[in-house]
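Visitor: Before I ask anything, here is the structure I am working with.
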Amino acid sequence: MTEPVVADRRLHPGTMLLRLLKALPQTLLVFPAILTMASDIGWRYFLPIAAGSLALSGLVRWVAWRCFRYGVGSGELVIEQGLIQRSRRTIPFDRIQDVDFEQGPLHRIFGLVRLRFETGGQGADEGVLDSVMVAEAERIRAAVRGAPRAIASDETAPAAAPLFIMPLGRVILSGLFNFSLLWIAGIFAVLQSASDWLPFDVRDIGAWIGLAERNLAGRVTPGAIAGVLLLAIMLGLASGVVKTLMRDFGFRLTRERTGFRCERGLLTRRDMLIPRTRIQLGQLLSGPVRRAAGFQTLAFQTLGMGEGEDGGGSQDAAPFARSDEIAAILAETGRLRLPGDARLIRVSRRHVWKALLPAAVILSVFVVVATMFDPRLILTGLAVPALLAFMLAERRSHRYVLDRDLLFIQAGFWRRALWILPIANIQTFGLRRNWLQRRLGLSTLIFDTAGAASGCGAAIRDLRNDLADALLHDVTERNRNGRVSRA
Amino acid sequence: MTALDSGQLWVMRIHGAIAAIILIVLALAAELVVATVADGLPPPGLIAGLVVLALIYPCLIAPGRRYRAWGYRVEADELHLAHGVLTTVLTVVPFVRVQHIDVAQGPIERVFGVSRLMLHTAGTAHSLVVLPGLDSETAERLRDDIRTRIRADAA
């Protein structure tokens with residue numbers, strides 16, 4: 001960099017209007033207060049005051065807009081802001097991992113984009129341009145992503161066919177599987193916050209039952225119960241569909257020169273790039289019904305793209321896809337693949353005992369104590385066989401295989417996850433044996449990777465000691481060999 | 001596996017002793033308060049006695065066991081660490097994965113001439129792997145050794 005980049009550009013003036021409109025809902029909340037004030041001091045005084053405060057807030061927004069400037073140089077991005085205390089931030093292009101586009105409904109009306117620059121630093125937004133015109137955003141992104149080369153190749157190459165798209169029907173189907181009863185909690189939350197105006201206490205269950213008895217006396221027929229259940233299920237399905245439509249409408253994954261480009265969203269559209277080199281591992285997630293229907297979610301765990309809401313650095317590559325579609329996406333990563341012919345091996349049968357024993361001890365103490373108070377409570381002892389059945393199912397689902405350069409780990413009988421973990425991306429690994437495991441001759445293998453959400457790391461639990469030692473040895477060997485072949 | 005420097009055993013014992021002294025002082029304070037408030041209900045010396053009994057394992061026995069559980073082995077491409085008494089843990093850190101290395105030394109460690117080797121990786125749950133109780137010379141040699149290997153691989 002020979003001479004400093006001049007910050008000579010401003011955000012689109014429409015930004016001011018956009019922010020004003022965004023603040024509108026809050027303004028409407030104080031509307032009753034405004035009315036009382038107006039009737040107190042009279043409209044003659046009120047109107048000038050209102051106009052004055054509006055002008056003042058407009059002026060503040062204009063000054064903030066005026067003071068915010070940015071510039072795009074050949075190798076770095078510069079952002080200057082502040083009226084009295086001016087700050088100048090320089091972000092070199094090679095520190096920018098990606099440029100994310102985000103368009104809320106208002107942005108789309110005005111043809112604007114909120115640009116966010118992902119840098120290595122986790123969490124905080126290190127660079128945000130809110131907002132610029134779509135064409136300007138495209139220009140900045142092209143500049144950041146490797147300058148003229150990218151533009152030239154994009155112009156000559158035909159537009160890449162999308163790797164994975166979700167048509168409307170698929171999004172709705174996916175929404176049906178996202179069945180949620182969250183809305184019931186939502187209704188109760190609203191009722192509770194509105195309880196000041198309600199003639200009864202929402203939390204008073206006795207009153208609820210009394211109310212139900214008074215109103216439903218003689219009317220609770222099996223038909224009515226079925227009707228209520230049906231209504232609840234319908235509402236649950238509808239809320240799942242709406243939520244999924246908002247998030248995944250028009251989902252498109254395209255292969256780009258440096259990675260995968262992902263666009264999604266109905267009202268708020270997001271457009272982001274998952275750089276290929278930053279993909280640490282792949283994860284296939286599914287619930288029981290979804291799995292039976294042949295659909296799974298493919299997510300990539302990436303380095304330093306923690307967004308909080310997504311939990312760690314996990315990015316959806318295909319929210320709802322069949323395994324052939326997933327295989328096609330994985331093939332494009334150049335490193336990941338489905339297990340295919342490699343047969344996954346179950347962990348030790350003693351996994352069941354290791355999980356069951358502590359729970360059974362606690363439970364039997366509880367049963368004994370409870371039976372002393374009421375002999376009928378001995379029936380709670382039935383939880384032990386239920387737990388046993390659950391653990392047997394869990395053990396059947398917990399499998400692994402080391403296949404050439406990839407380690408596959410599957411876990412979860414109900415909500416299932418399959419890790420596709422390249423040996424080369426394991427940071428540290430090791431064995432753990434707790435007191436009970438040592439008595440049972442079992443080990444847990446732990447694999448630490450970059451960008452994992454805390455507490456969700458890949459692990460093979462309760463492997464027989466000799467197999468665990470052998471696997472650890474294999475992973476160590478392949479780690480070495482992988483490096484030799486790369487050198 | 002190579003055992004840690006014997007100085008580390010003293011460091012562990014002293015850490016245990018410091019904790020013990022704090023707890024015993026607290027117990028004695030509790031004795032005083034109880035003696036002034038309620039006369040004779042718990043016999044004098046009961047609280048302090050129980051605390052001292054409870055401290056026997058963590059302060060006298062555990063340091064030795066924990067010290068013996070520690071071990072490390074430097075392989076061609078990775079460092080193997082073992083530790084843990086109740087839960088035994090074996091950790092493998094490939095040198096290529098090490099982002100940077102520190103050698104740290106606290107005041108007690110300085111007295112006994114031992115240092116901690118701290119390996120930072122890009123991982124999340126175990127992004128910091130610590131090997132305590134190396135005599136300072138070994139710690140620095142190991143650090144320089146690993147550093148050249150990182151550099152050789154990056155080149």
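Ordered as shown in the structure tokens, chains take letters A, B, and onward, while each chain numbers its residues from 1 and ligands are numbered from 1 in the order shown.
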Let's see if you can do this: from backbone DSSP, list all strand (DSSP E) residues in stretch 9-154 of chain B, as an MDAnalysis selection string.
Guide: chainID B and resid 71:74 78:83 88:94 98:104 114:121 128:135
Visitor: Taking only C-alpha atoms into account and nothing else, which residues of chain B lie no more than 9 Å away from chain A? Please answer as an NGL selection string.
Guide: :B and (77-78 or 80 or 85-94 or 96-98 or 121-127 or 129 or 153)
Visitor: Give me the residues near stretch 27-37 of chain B as a list in words, where near means some atom within 8 Å (using only C-alpha atoms) and where sequence neighbours in that chain fewer than 3 positions away do not count.
Guide: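 That gives Leu23, Ile24, Gly40, Pro42, Pro44, Gly45, Ile47, Ala48 and Val51 of chain B.
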Visitor: Using atom CA of A:Ser239 and atom CA of A:Ala411 as the two end points, give the distance in Å to one decimal.
Guide: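 So the answer is 28.6 Å.
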Visitor: As a PyMOL selection string, list the residues of chain B assigned to alpha helix (DSSP H) by DSSP on the backbone atoms of this structure.
Guide: chain B and resi 6-37+46-55+62-69+107-111+136-154
Visitor: Figure out the distance between atom CA of A:Val5 and atom CA of A:Gly75, please, to one decimal in Å.
Guide: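 One can read the atom CA of A:Gly75 to atom CA of A:Val5 distance as 9.0 Å.
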Visitor: When you look at stretch 381-396 of chain A with a cut-off of 6 Å (counting only C-alpha atoms), what residues show up, excluding the ones that are within fewer than 4 positions of it in the same chain? I need them as a PyMOL selection string.
Guide: chain A and resi 352+412-413
Visitor: Do you have the atom CA of A:Ile140-atom CA of A:Leu20 distance handy?
Guide: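 Going from atom CA of A:Ile140 over to atom CA of A:Leu20 covers 25.7 Å.
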Visitor: Show which residues sit within 9 Å of stretch 53-66 of chain B, as a ChimeraX atom specification. Count only C-alpha atoms, and ignore same-chain residues fewer than 6 positions away.
Guide: /B:9-17,19-20,23,83-85
Visitor: Export C-alpha atoms of the chosen residues as a PDB file, in the first residue's frame?
Guide:
```pdb
ATOM      1  CA  LEU B   9       5.450 -32.364  43.051  1.00  0.00           C
ATOM      2  CA  TRP B  10       6.408 -29.637  45.514  1.00  0.00           C
ATOM      3  CA  VAL B  11       4.457 -27.064  43.527  1.00  0.00           C
ATOM      4  CA  MET B  12       1.368 -29.285  43.726  1.00  0.00           C
ATOM      5  CA  ARG B  13       1.893 -29.910  47.443  1.00  0.00           C
ATOM      6  CA  ILE B  14       2.269 -26.211  48.149  1.00  0.00           C
ATOM      7  CA  HIS B  15      -0.880 -25.421  46.159  1.00  0.00           C
ATOM      8  CA  GLY B  16      -2.668 -28.024  48.294  1.00  0.00           C
ATOM      9  CA  ALA B  17      -1.152 -26.600  51.482  1.00  0.00           C
ATOM     10  CA  ALA B  19      -5.815 -24.210  50.103  1.00  0.00           C
ATOM     11  CA  ALA B  20      -5.605 -26.170  53.348  1.00  0.00           C
ATOM     12  CA  LEU B  23      -9.772 -23.571  54.933  1.00  0.00           C
ATOM     13  CA  HIS B  83      -2.961 -36.919  33.297  1.00  0.00           C
ATOM     14  CA  GLY B  84      -5.865 -37.411  35.680  1.00  0.00           C
ATOM     15  CA  VAL B  85      -6.452 -39.654  38.662  1.00  0.00           C
TER      16      VAL B  85
END
```
Visitor: With only C-alpha atoms as the counted atoms, please give the residues lying no more than 8 Å from A:Arg350, apart from itself and same-chain residues fewer than 2 positions off, as an mmCIF file with C-alpha atoms, in the first residue's frame.
Guide:
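See selection.cif below for the written result:
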```
data_model
loop_
_atom_site.group_PDB
_atom_site.id
_atom_site.type_symbol
_atom_site.label_atom_id
_atom_site.label_comp_id
_atom_site.auth_asym_id
_atom_site.auth_seq_id
_atom_site.Cartn_x
_atom_site.Cartn_y
_atom_site.Cartn_z
ATOM 1 C CA SER A 348 -19.447 -51.276 22.871
ATOM 2 C CA VAL A 352 -25.745 -49.044 27.794
ATOM 3 C CA TRP A 353 -24.532 -50.032 31.274
ATOM 4 C CA LYS A 354 -22.283 -47.042 31.592
ATOM 5 C CA LEU A 440 -16.083 -51.420 32.360
ATOM 6 C CA LEU A 442 -14.318 -48.399 28.005
ATOM 7 C CA ASP A 462 -17.668 -45.864 25.236
#
```
